[in-house]
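See below for the structure under consideration.
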Amino acid sequence: MPANKKKKITVLIADDQTLFREGIKDILMGEKWVEVVGEASDGVEAVALAKKLKPDVVLMDIKLPKMDGINATRKIHETCPQVNVLVLSSFEDEAHVLDAIQAGANGYLSKMLPAAELVSSIKAFTSEGLMIPQQLMGKLLHGLRKMGDSSMPSQATLTKTEIKIMDLLGKGLSNKELARELECSVKTIKNHLNSAFHKLGVSSRTEAVVKAIEKGLISSEGNVVFDDEDEDF
């Protein structure tokens with residue numbers, strides 16, 4: 001989801017705390033690269049506004065009335081897959097992180113971040129893709145390991161090329177950059193990704209890299225950054 005310098009990133013804020021919601025809005029409205037296009041005070045409203053406004057990013061709280069943020073994220077992911085959900089929550093335990101990613105969230109940040117760090121993290125998310133802090137990635141991986149491998153298809157062995165792509169994907173390379181690195185076409189990269197997704201039993205770039213790390217196919221050192229440049233991945 002690369003940022004277009006000529007077009008502001010549109011953001012929908014979903015949080016039931018008016019003061020927090022207004023605070024985030026005020027902070028973001030002071031940035032030239034972003035435009036807050038809507039606010040939701042509950043999960044049902046968040047889903048409805050996501051469908052209507054189709055923002056680039058939804059900043060989603062987890063504890064919401066009427067429909068919690070996890071289910072709201074799942075609804076948005078199912079009905080508006082082009083909308084990227086970035087969970088912004090005070091919960092940092094592995095269960096909530098795992099639930100959010102499995103529901104289709106593209107990222108997870110703590111509400112406890114200082115304002116400047118929060119803005120820089122959101123900006124990195126909108127311009128580069130998804131960044132999950134290492135401490136949260138560790139919790140995510142721990143949760144995945146506890147789930148076991150019962151859902152893993154029998155054909156889960158990746159080729160050397162697919163493993164290389166997963167590794168580069170986890171380092172933040174876009175499809176175009178992957179094509180240049182491997183000296184092939186973007187279409188070929190997409191074919192490799194489709195194959196890897198099927199073998200890993202996943203449906204998104206985020207899940208693919210997480211699963212590859214869990215399986216020990218690629219390293220989990222440093223922050224994991226995903227570039228969701230192509231909407232079909």
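The chains in the structure tokens are called A, B, ... from first to last as shown; in each chain the residues are counted from 1, and the ligands are counted from 1 in the order shown.
Residues in contact with Gln17 in chain A at up to 10 Å, not including ones fewer than 2 positions away on its chain and judged by only C-alpha atoms, are Ala14, Asp15, Leu19, Phe20, Arg21, Glu22, Gly23, Ala40, Ser41, Asp42, Asp61, Lys63 and Leu64 of chain A.
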If you count only C-alpha atoms, which residues fall within 7 Å of range 110-120 of chain A, apart from same-chain ones fewer than 4 positions away, as an mmCIF file with C-alpha atoms, in the first residue's frame?
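See selection-v2.cif below for the written result:
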```cif
data_model
loop_
_atom_site.group_PDB
_atom_site.id
_atom_site.type_symbol
_atom_site.label_atom_id
_atom_site.label_comp_id
_atom_site.auth_asym_id
_atom_site.auth_seq_id
_atom_site.Cartn_x
_atom_site.Cartn_y
_atom_site.Cartn_z
ATOM 1 C CA LEU A 88 -4.620 0.336 17.894
ATOM 2 C CA SER A 89 -5.248 -1.205 21.296
ATOM 3 C CA SER A 90 -4.214 -1.219 24.937
ATOM 4 C CA GLU A 92 -0.829 -6.530 24.059
ATOM 5 C CA ALA A 124 5.470 3.760 8.031
#
```
Contacts of Glu45 in chain A at 9 Å (only C-alpha atoms; same-chain gap of 6+ positions) as a ChimeraX atom specification: /A:14,39,66-67
Output the selection as a tab-separated table (two decimals), in the first residue's frame - N, CA and C atoms for each residue.
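See part21.tsv below for the written result:
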```tsv
chain	number	residue	atom	x	y	z
A	14	ALA	N	-11.78	4.24	14.61
A	14	ALA	CA	-12.84	3.53	15.32
A	14	ALA	C	-12.43	3.32	16.77
A	39	GLU	N	-15.22	8.90	11.66
A	39	GLU	CA	-15.04	8.42	13.03
A	39	GLU	C	-16.17	7.48	13.38
A	66	LYS	N	-21.39	-2.97	20.76
A	66	LYS	CA	-22.21	-3.51	19.66
A	66	LYS	C	-21.49	-4.62	18.88
A	67	MET	N	-20.26	-4.36	18.45
A	67	MET	CA	-19.43	-5.37	17.77
A	67	MET	C	-17.98	-5.07	18.12
```
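CA of Val186 in chain A lies 26.1 Å from CA of Gly216 in chain A.
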Leu168 in chain A environment, 10 Å, only C-alpha atoms, sequence neighbours closer than 5 positions dropped, as a PyMOL selection string: chain A and resi 162-163+173-175+177-178+181+209+218+225-226
Strand (DSSP E) residues, from DSSP on the backbone, in range 45-139 of chain A, as number ranges by chain: A: 57-60, 84-89, 107-110, 130-132
With C-alpha atoms kept, could you save the residues just selected as a PDB file, in the first residue's frame?
```pdb
ATOM      1  CA  VAL A  57      -6.675   2.678   6.678  1.00  0.00           C
ATOM      2  CA  VAL A  58      -8.978   1.950   9.600  1.00  0.00           C
ATOM      3  CA  LEU A  59      -7.445   2.560  13.025  1.00  0.00           C
ATOM      4  CA  MET A  60      -9.358  -0.060  14.995  1.00  0.00           C
ATOM      5  CA  ASN A  84      -6.236  -1.955   5.527  1.00  0.00           C
ATOM      6  CA  VAL A  85      -6.983  -2.365   9.233  1.00  0.00           C
ATOM      7  CA  LEU A  86      -4.403  -1.266  11.781  1.00  0.00           C
ATOM      8  CA  VAL A  87      -5.388  -2.315  15.292  1.00  0.00           C
ATOM      9  CA  LEU A  88      -4.620   0.336  17.894  1.00  0.00           C
ATOM     10  CA  SER A  89      -5.248  -1.205  21.296  1.00  0.00           C
ATOM     11  CA  GLY A 107      -0.941  -4.418  11.709  1.00  0.00           C
ATOM     12  CA  TYR A 108      -1.073  -4.063  15.481  1.00  0.00           C
ATOM     13  CA  LEU A 109       0.117  -1.122  17.571  1.00  0.00           C
ATOM     14  CA  SER A 110      -0.120  -0.207  21.239  1.00  0.00           C
ATOM     15  CA  LEU A 130       2.783  -3.446   7.710  1.00  0.00           C
ATOM     16  CA  MET A 131       5.217  -3.245  10.609  1.00  0.00           C
ATOM     17  CA  ILE A 132       4.706  -5.407  13.675  1.00  0.00           C
TER      18      ILE A 132
END
```
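Among A:Asp167, A:Asp68, A:Glu35, A:Asp56, the residue with the shortest atom-to-atom distance to Val83 in chain A, counting only C-alpha atoms, is A:Asp56.
Taking CA of Lys190 in chain A and CA of Lys211 in chain A as the two end points, the separation is 18.0 Å.
Using only C-alpha atoms, the protein and nucleic acid residues lying no more than 10 Å from Glu207 in chain A, apart from those fewer than 3 places from it along its own chain, are Ile101, Gln102, Gly104, Asn106, Phe197, Leu200, Gly201, Val202, Ser203, Ser204, Val210, Lys211, Ala212 and Ile213 of chain A.
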Picked from range 153-198 of chain A by DSSP as helix (DSSP H, G or I), as number ranges by chain: A: 160-170, 175-182, 186-198
Interatomic distance, CA of Asp93 in chain A to CA of Gly170 in chain A (Å, one decimal): 22.5 Å
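With only C-alpha atoms as the atoms that count, the minimum distance from Ser121 in chain A to the choices A:Leu53, A:Leu28, A:Ile13, A:Ala208 is reached by A:Leu28.
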